[in-house]
Amino acid sequence: MRIAGAPISWGVCEVPGWGHQMAPARVLAEMRDLGLAATELGPDGFLPAARDEREALLSSYGLGLVGAFVPVVLHDPDRDPMPEIERALDGMGGVLVLAAATGLDGYDGRPALGTRAWATLLSNLDAITARAARRGRLVALHPHVGTVVETRADVERVLGGSAVPLCLDTGHLLVGGTDPAWLTRFAAARIAHVHLKDVDAALAARVLHGETAYTDAVRGGLYRPLGEGDVDIRDIIATLEGAGYGGWYVMEQDAVLTAEPPPGAGPCDNVRAGLDYLAGVAR
């Protein structure tokens with residue numbers, strides 16, 4: 001299987017005040033030691049901005065780059081997202097994992113979009129998809145808690161109103177009210193990238209119903225090691241593979257850290273447990 005990692009699994013996040021941020025050297029070394037083949041980019045500043053320096057650093061750990069999570073405001077009629085998209089395409093390789101950002105810090109709230117904002121969002125998604133394709137690149141929209149594409153209604157509106165491929169994030173979809181197994185069956189042909197998470201469904205429901213903030217839920221154990229939560233990861237992978245999916249599976253389990261973990265412990269334990277689970281799925 002094509003399995004990669006993501007810095008957010010080690011608590012490295014673009015949100016101000018998210019938590020303790022581990023150093024790149026330790027995160028990349030633990031990815032290598034776990035046998036991961038590649039990583040996503042992580043937030044600005046985590047890896048070198050210069051492409052050749054970044055590639056050399058990743059190569060020194062035996063890792064490739066599968067893409068980058070890029071949050072951009074796409075719904076504002078007075079804001080052109082293309083300069084940000086072009087910079088992202090210039091500065092990274094792999095899949096551009098696009099999030100429809102709210103323009104606010106963090107993921108604990110989002111605005112409701114009107115008709116004009118939705119029309120702008122859908123038009124921008126198609127324009128960005130076409131721009132990336134002309135450059136030989138792939139973009140995948142990531143439905144994400146605390147963005148303007150979060151709920152099942154949002155996802156269905158995007159599927160019906162644009163041609164943008166999707167990043168299937170098995171955790172954010174469930175938290176937003178979409179069954180990821182259903183979406184995999186319904187729209188396998190639209191899925192271009194996968195983030196694997198397992199989820200405590202009871203805690204996810206509290207986020208969905210506004211009883212718990214997303215960040216507090218992550219801190220409280222919203223994401224579980226693969227196979228220990230309520231997402232049918234095995235069925236999702238079987239459906240994707242049966243449909244001919246040839247992209248990456250990114251171990252991407254959001255974590256919030258309060259301090260530097262002891263050597264050989266911490267987030268790597270959850271990633272290791274997930275890899276053990278995937279080894280069983282592959283058999």
# chains A, B, ... in the order shown; residues from 1 in each chain; ligands from 1
call {"tool": "closest_atom_pairs", "arguments": {"of": "region 28-120 of chain A", "to": "region 9-18 of chain A", "cutoff": "12 Å", "atoms": "only C-alpha atoms", "output": "JSON lines"}}
result
{"residue": "A:Leu28", "atom": "CA", "partner": "A:Trp10", "partner_atom": "CA", "distance": 10.0}
{"residue": "A:Ala29", "atom": "CA", "partner": "A:Trp10", "partner_atom": "CA", "distance": 11.8}
{"residue": "A:Glu30", "atom": "CA", "partner": "A:Trp10", "partner_atom": "CA", "distance": 9.6}
{"residue": "A:Met31", "atom": "CA", "partner": "A:Trp10", "partner_atom": "CA", "distance": 9.8}
{"residue": "A:Thr39", "atom": "CA", "partner": "A:Ser9", "partner_atom": "CA", "distance": 10.7}
{"residue": "A:Glu40", "atom": "CA", "partner": "A:Ser9", "partner_atom": "CA", "distance": 10.7}
{"residue": "A:Leu41", "atom": "CA", "partner": "A:Val12", "partner_atom": "CA", "distance": 10.6}
{"residue": "A:Gly42", "atom": "CA", "partner": "A:Cys13", "partner_atom": "CA", "distance": 7.1}
{"residue": "A:Pro43", "atom": "CA", "partner": "A:Glu14", "partner_atom": "CA", "distance": 5.0}
{"residue": "A:Asp44", "atom": "CA", "partner": "A:Glu14", "partner_atom": "CA", "distance": 7.3}
{"residue": "A:Gly45", "atom": "CA", "partner": "A:Glu14", "partner_atom": "CA", "distance": 9.4}
{"residue": "A:Phe46", "atom": "CA", "partner": "A:Val12", "partner_atom": "CA", "distance": 8.1}
{"residue": "A:Leu47", "atom": "CA", "partner": "A:Val12", "partner_atom": "CA", "distance": 11.2}
{"residue": "A:Ala68", "atom": "CA", "partner": "A:Glu14", "partner_atom": "CA", "distance": 11.9}
{"residue": "A:Phe69", "atom": "CA", "partner": "A:Glu14", "partner_atom": "CA", "distance": 9.8}
{"residue": "A:Val70", "atom": "CA", "partner": "A:Glu14", "partner_atom": "CA", "distance": 10.0}
{"residue": "A:Pro71", "atom": "CA", "partner": "A:Glu14", "partner_atom": "CA", "distance": 9.7}
{"residue": "A:Leu104", "atom": "CA", "partner": "A:Val15", "partner_atom": "CA", "distance": 10.1}
{"residue": "A:Asp105", "atom": "CA", "partner": "A:Val15", "partner_atom": "CA", "distance": 6.6}
{"residue": "A:Gly106", "atom": "CA", "partner": "A:Val15", "partner_atom": "CA", "distance": 5.4}
{"residue": "A:Tyr107", "atom": "CA", "partner": "A:Val15", "partner_atom": "CA", "distance": 8.3}
{"residue": "A:Asp108", "atom": "CA", "partner": "A:Val15", "partner_atom": "CA", "distance": 10.8}
call {"tool": "select_by_dssp", "arguments": {"residues": "region 25-259 of chain A", "states": "strand (DSSP E or B)", "output": "ChimeraX atom specification"}}
result
/A:38-40,44,47,64-73,95-101,139-141,166-169,191-196,198-199,223-224,249-251
call {"tool": "closest_residue", "arguments": {"among": "A:Ala133, A:Leu96, A:Leu74, A:Ala4", "to": "Val149 (chain A)", "atoms": "only C-alpha atoms"}}
result
A:Leu74
call {"tool": "residues_around", "arguments": {"residues": "Tyr245 (chain A)", "least_positions_apart": "4", "cutoff": "8 Å", "atoms": "only C-alpha atoms", "output": "ChimeraX atom specification"}}
result
/A:188,191-192,240-241
call {"tool": "write_last_selection", "arguments": {"atoms": "N, CA and C atoms", "output": "PDB file, in the first residue's frame"}}
result
ATOM      1  N   ALA A 188     -16.511   7.254  -5.550  1.00  0.00           N
ATOM      2  CA  ALA A 188     -15.134   6.741  -5.612  1.00  0.00           C
ATOM      3  C   ALA A 188     -14.353   7.368  -6.763  1.00  0.00           C
ATOM      4  N   ILE A 191     -12.504  10.631  -5.874  1.00  0.00           N
ATOM      5  CA  ILE A 191     -11.535  10.639  -4.781  1.00  0.00           C
ATOM      6  C   ILE A 191     -10.123  10.534  -5.345  1.00  0.00           C
ATOM      7  N   ALA A 192      -9.301  11.562  -5.054  1.00  0.00           N
ATOM      8  CA  ALA A 192      -7.947  11.630  -5.605  1.00  0.00           C
ATOM      9  C   ALA A 192      -6.867  11.525  -4.539  1.00  0.00           C
ATOM     10  N   LEU A 240     -12.147   1.514  -2.188  1.00  0.00           N
ATOM     11  CA  LEU A 240     -11.255   2.325  -3.008  1.00  0.00           C
ATOM     12  C   LEU A 240     -10.390   1.461  -3.919  1.00  0.00           C
ATOM     13  N   GLU A 241      -9.790   0.425  -3.347  1.00  0.00           N
ATOM     14  CA  GLU A 241      -8.929  -0.425  -4.160  1.00  0.00           C
ATOM     15  C   GLU A 241      -9.729  -1.128  -5.254  1.00  0.00           C
TER      16      GLU A 241
END
call {"tool": "select_by_dssp", "arguments": {"residues": "region 111-278 of chain A", "states": "helix (DSSP H, G or I)", "output": "PyMOL selection string"}}
result
chain A and resi 115-134+152-161+170-175+180-190+201-208+214-219+233-242+267-278
call {"tool": "closest_residue", "arguments": {"among": "A:Thr239, A:Thr147, A:Asn124, A:Thr215", "to": "Ala100 (chain A)", "atoms": "only C-alpha atoms"}}
result
A:Thr147
call {"tool": "closest_residue", "arguments": {"among": "A:Ser59, A:Asn270, A:Thr120, A:Thr115", "to": "Pro77 (chain A)", "atoms": "only C-alpha atoms"}}
result
A:Thr120
call {"tool": "closest_residue", "arguments": {"among": "A:Met92, A:Val175, A:Ala187, A:Leu226", "to": "Ala204 (chain A)", "atoms": "only C-alpha atoms"}}
result
A:Val175
call {"tool": "closest_residue", "arguments": {"among": "A:Asp80, A:Asp200, A:Asp235, A:Glu53", "to": "Leu125 (chain A)", "atoms": "only C-alpha atoms"}}
result
A:Asp80
call {"tool": "residues_around", "arguments": {"residues": "Glu260 (chain A)", "least_positions_apart": "2", "cutoff": "10 Å", "atoms": "only C-alpha atoms", "output": "MDAnalysis selection string"}}
result
chainID A and resid 20:23 257:258 262:263 265:266
call {"tool": "closest_residue", "arguments": {"among": "A:Gly160, A:Gly109, A:Pro143, A:Gly94", "to": "Leu174 (chain A)", "atoms": "only C-alpha atoms"}}
result
A:Pro143
call {"tool": "atom_distance", "arguments": {"atom1": "CA of Val199 (chain A)", "atom2": "CA of Ala259 (chain A)"}}
result
23.2 Å
call {"tool": "closest_atom_pairs", "arguments": {"of": "region 102-153 of chain A", "to": "region 208-211 of chain A", "cutoff": "12 Å", "atoms": "only C-alpha atoms", "output": "Markdown table"}}
result
| residue | atom | partner | partner_atom | distance |
| --- | --- | --- | --- | --- |
| A:Asp108 | CA | A:Gly210 | CA | 9.5 |
| A:Gly109 | CA | A:Gly210 | CA | 9.6 |
| A:Arg110 | CA | A:Gly210 | CA | 11.8 |
| A:Val145 | CA | A:Leu208 | CA | 9.1 |
| A:Gly146 | CA | A:Leu208 | CA | 10.6 |
| A:Glu150 | CA | A:Leu208 | CA | 10.0 |
| A:Thr151 | CA | A:Leu208 | CA | 8.9 |
| A:Arg152 | CA | A:Leu208 | CA | 11.3 |
call {"tool": "residues_around", "arguments": {"residues": "Cys167 (chain A)", "least_positions_apart": "5", "cutoff": "6 Å", "atoms": "only C-alpha atoms", "output": "list in words"}}
result
Ala140, Leu141, His142, Ile191, Ala192, His193 and Val194 of chain A
call {"tool": "residues_around", "arguments": {"residues": "Arg234 (chain A)", "least_positions_apart": "5", "cutoff": "9 Å", "atoms": "only C-alpha atoms", "output": "PyMOL selection string"}}
result
chain A and resi 227+239+278+281
call {"tool": "atom_distance", "arguments": {"atom1": "CA of Leu222 (chain A)", "atom2": "CA of Leu65 (chain A)"}}
result
26.9 Å
call {"tool": "residues_around", "arguments": {"residues": "Asp78 (chain A)", "least_positions_apart": "3", "cutoff": "12 Å", "atoms": "only C-alpha atoms", "output": "PyMOL selection string"}}
result
chain A and resi 73-75+81+116-117+120-121
call {"tool": "decode", "arguments": {"residues": "region 227-243 of chain A", "atoms": "all heavy atoms", "output": "compact mmCIF listing (two decimals), in the first residue's frame"}}
result
# COMPACT_ATOMS: atom_id res chain seq x y z
N GLY A 227 -8.44 1.40 13.57
CA GLY A 227 -8.95 0.13 14.09
C GLY A 227 -9.48 0.20 15.50
O GLY A 227 -10.08 -0.77 15.98
N GLU A 228 -9.30 1.35 16.18
CA GLU A 228 -9.76 1.48 17.56
C GLU A 228 -10.92 2.46 17.70
O GLU A 228 -11.36 2.75 18.81
CB GLU A 228 -8.60 1.92 18.46
CG GLU A 228 -7.46 0.91 18.51
CD GLU A 228 -6.34 1.32 19.44
OE1 GLU A 228 -6.57 2.20 20.30
OE2 GLU A 228 -5.22 0.77 19.30
N GLY A 229 -11.42 2.97 16.58
CA GLY A 229 -12.54 3.90 16.61
C GLY A 229 -13.75 3.33 15.89
O GLY A 229 -13.92 2.12 15.79
N ASP A 230 -14.58 4.24 15.35
CA ASP A 230 -15.87 3.84 14.80
C ASP A 230 -15.97 3.98 13.29
O ASP A 230 -17.05 3.83 12.72
CB ASP A 230 -16.98 4.68 15.46
CG ASP A 230 -17.06 4.43 16.96
OD1 ASP A 230 -17.34 3.28 17.34
OD2 ASP A 230 -16.83 5.38 17.74
N VAL A 231 -14.85 4.25 12.61
CA VAL A 231 -14.83 4.31 11.14
C VAL A 231 -14.45 2.94 10.59
O VAL A 231 -13.50 2.32 11.09
CB VAL A 231 -13.85 5.38 10.65
CG1 VAL A 231 -13.79 5.40 9.13
CG2 VAL A 231 -14.24 6.77 11.17
N ASP A 232 -15.17 2.49 9.57
CA ASP A 232 -14.86 1.19 8.96
C ASP A 232 -13.74 1.37 7.93
O ASP A 232 -13.97 1.38 6.72
CB ASP A 232 -16.11 0.58 8.32
CG ASP A 232 -15.93 -0.88 7.97
OD1 ASP A 232 -14.78 -1.36 7.95
OD2 ASP A 232 -16.95 -1.56 7.72
N ILE A 233 -12.53 1.52 8.45
CA ILE A 233 -11.37 1.76 7.58
C ILE A 233 -11.19 0.61 6.59
O ILE A 233 -10.89 0.82 5.41
CB ILE A 233 -10.10 1.96 8.42
CG1 ILE A 233 -10.24 3.15 9.37
CG2 ILE A 233 -8.88 2.12 7.52
CD1 ILE A 233 -10.33 4.49 8.70
N ARG A 234 -11.35 -0.60 7.07
CA ARG A 234 -11.15 -1.78 6.21
C ARG A 234 -12.07 -1.73 4.99
O ARG A 234 -11.65 -1.95 3.86
CB ARG A 234 -11.37 -3.06 7.02
CG ARG A 234 -11.13 -4.34 6.23
CD ARG A 234 -11.43 -5.56 7.11
NE ARG A 234 -10.51 -5.63 8.23
CZ ARG A 234 -9.34 -6.27 8.20
NH1 ARG A 234 -8.94 -6.87 7.08
NH2 ARG A 234 -8.58 -6.31 9.27
N ASP A 235 -13.35 -1.44 5.21
CA ASP A 235 -14.31 -1.40 4.11
C ASP A 235 -14.00 -0.26 3.16
O ASP A 235 -14.11 -0.42 1.93
CB ASP A 235 -15.73 -1.22 4.68
CG ASP A 235 -16.78 -1.11 3.59
OD1 ASP A 235 -17.03 -2.11 2.90
OD2 ASP A 235 -17.33 0.00 3.41
N ILE A 236 -13.59 0.89 3.69
CA ILE A 236 -13.27 2.04 2.84
C ILE A 236 -12.10 1.73 1.92
O ILE A 236 -12.14 2.00 0.72
CB ILE A 236 -12.98 3.27 3.72
CG1 ILE A 236 -14.29 3.78 4.33
CG2 ILE A 236 -12.27 4.38 2.93
CD1 ILE A 236 -14.11 4.81 5.41
N ILE A 237 -11.06 1.12 2.47
CA ILE A 237 -9.90 0.78 1.65
C ILE A 237 -10.28 -0.26 0.60
O ILE A 237 -9.88 -0.16 -0.57
CB ILE A 237 -8.75 0.28 2.54
CG1 ILE A 237 -8.19 1.44 3.37
CG2 ILE A 237 -7.64 -0.34 1.69
CD1 ILE A 237 -7.15 1.03 4.38
N ALA A 238 -11.07 -1.25 0.99
CA ALA A 238 -11.49 -2.28 0.02
C ALA A 238 -12.29 -1.66 -1.12
O ALA A 238 -12.10 -2.02 -2.29
CB ALA A 238 -12.31 -3.35 0.72
N THR A 239 -13.17 -0.71 -0.80
CA THR A 239 -13.96 -0.05 -1.82
C THR A 239 -13.08 0.76 -2.76
O THR A 239 -13.23 0.72 -3.99
CB THR A 239 -15.02 0.85 -1.18
OG1 THR A 239 -15.88 0.06 -0.35
CG2 THR A 239 -15.87 1.55 -2.24
N LEU A 240 -12.15 1.51 -2.19
CA LEU A 240 -11.26 2.33 -3.01
C LEU A 240 -10.39 1.46 -3.92
O LEU A 240 -10.26 1.74 -5.12
CB LEU A 240 -10.37 3.19 -2.11
CG LEU A 240 -11.04 4.38 -1.43
CD1 LEU A 240 -10.13 4.96 -0.36
CD2 LEU A 240 -11.41 5.45 -2.45
N GLU A 241 -9.79 0.43 -3.35
CA GLU A 241 -8.93 -0.42 -4.16
C GLU A 241 -9.73 -1.13 -5.25
O GLU A 241 -9.26 -1.27 -6.38
CB GLU A 241 -8.22 -1.45 -3.26
CG GLU A 241 -7.20 -0.83 -2.32
CD GLU A 241 -6.03 -0.18 -3.04
OE1 GLU A 241 -5.33 -0.89 -3.77
OE2 GLU A 241 -5.85 1.04 -2.87
N GLY A 242 -10.95 -1.54 -4.92
CA GLY A 242 -11.80 -2.18 -5.92
C GLY A 242 -12.21 -1.25 -7.04
O GLY A 242 -12.47 -1.69 -8.17
N ALA A 243 -12.25 0.06 -6.73
CA ALA A 243 -12.61 1.06 -7.74
C ALA A 243 -11.41 1.55 -8.53
O ALA A 243 -11.55 2.41 -9.41
CB ALA A 243 -13.30 2.24 -7.06
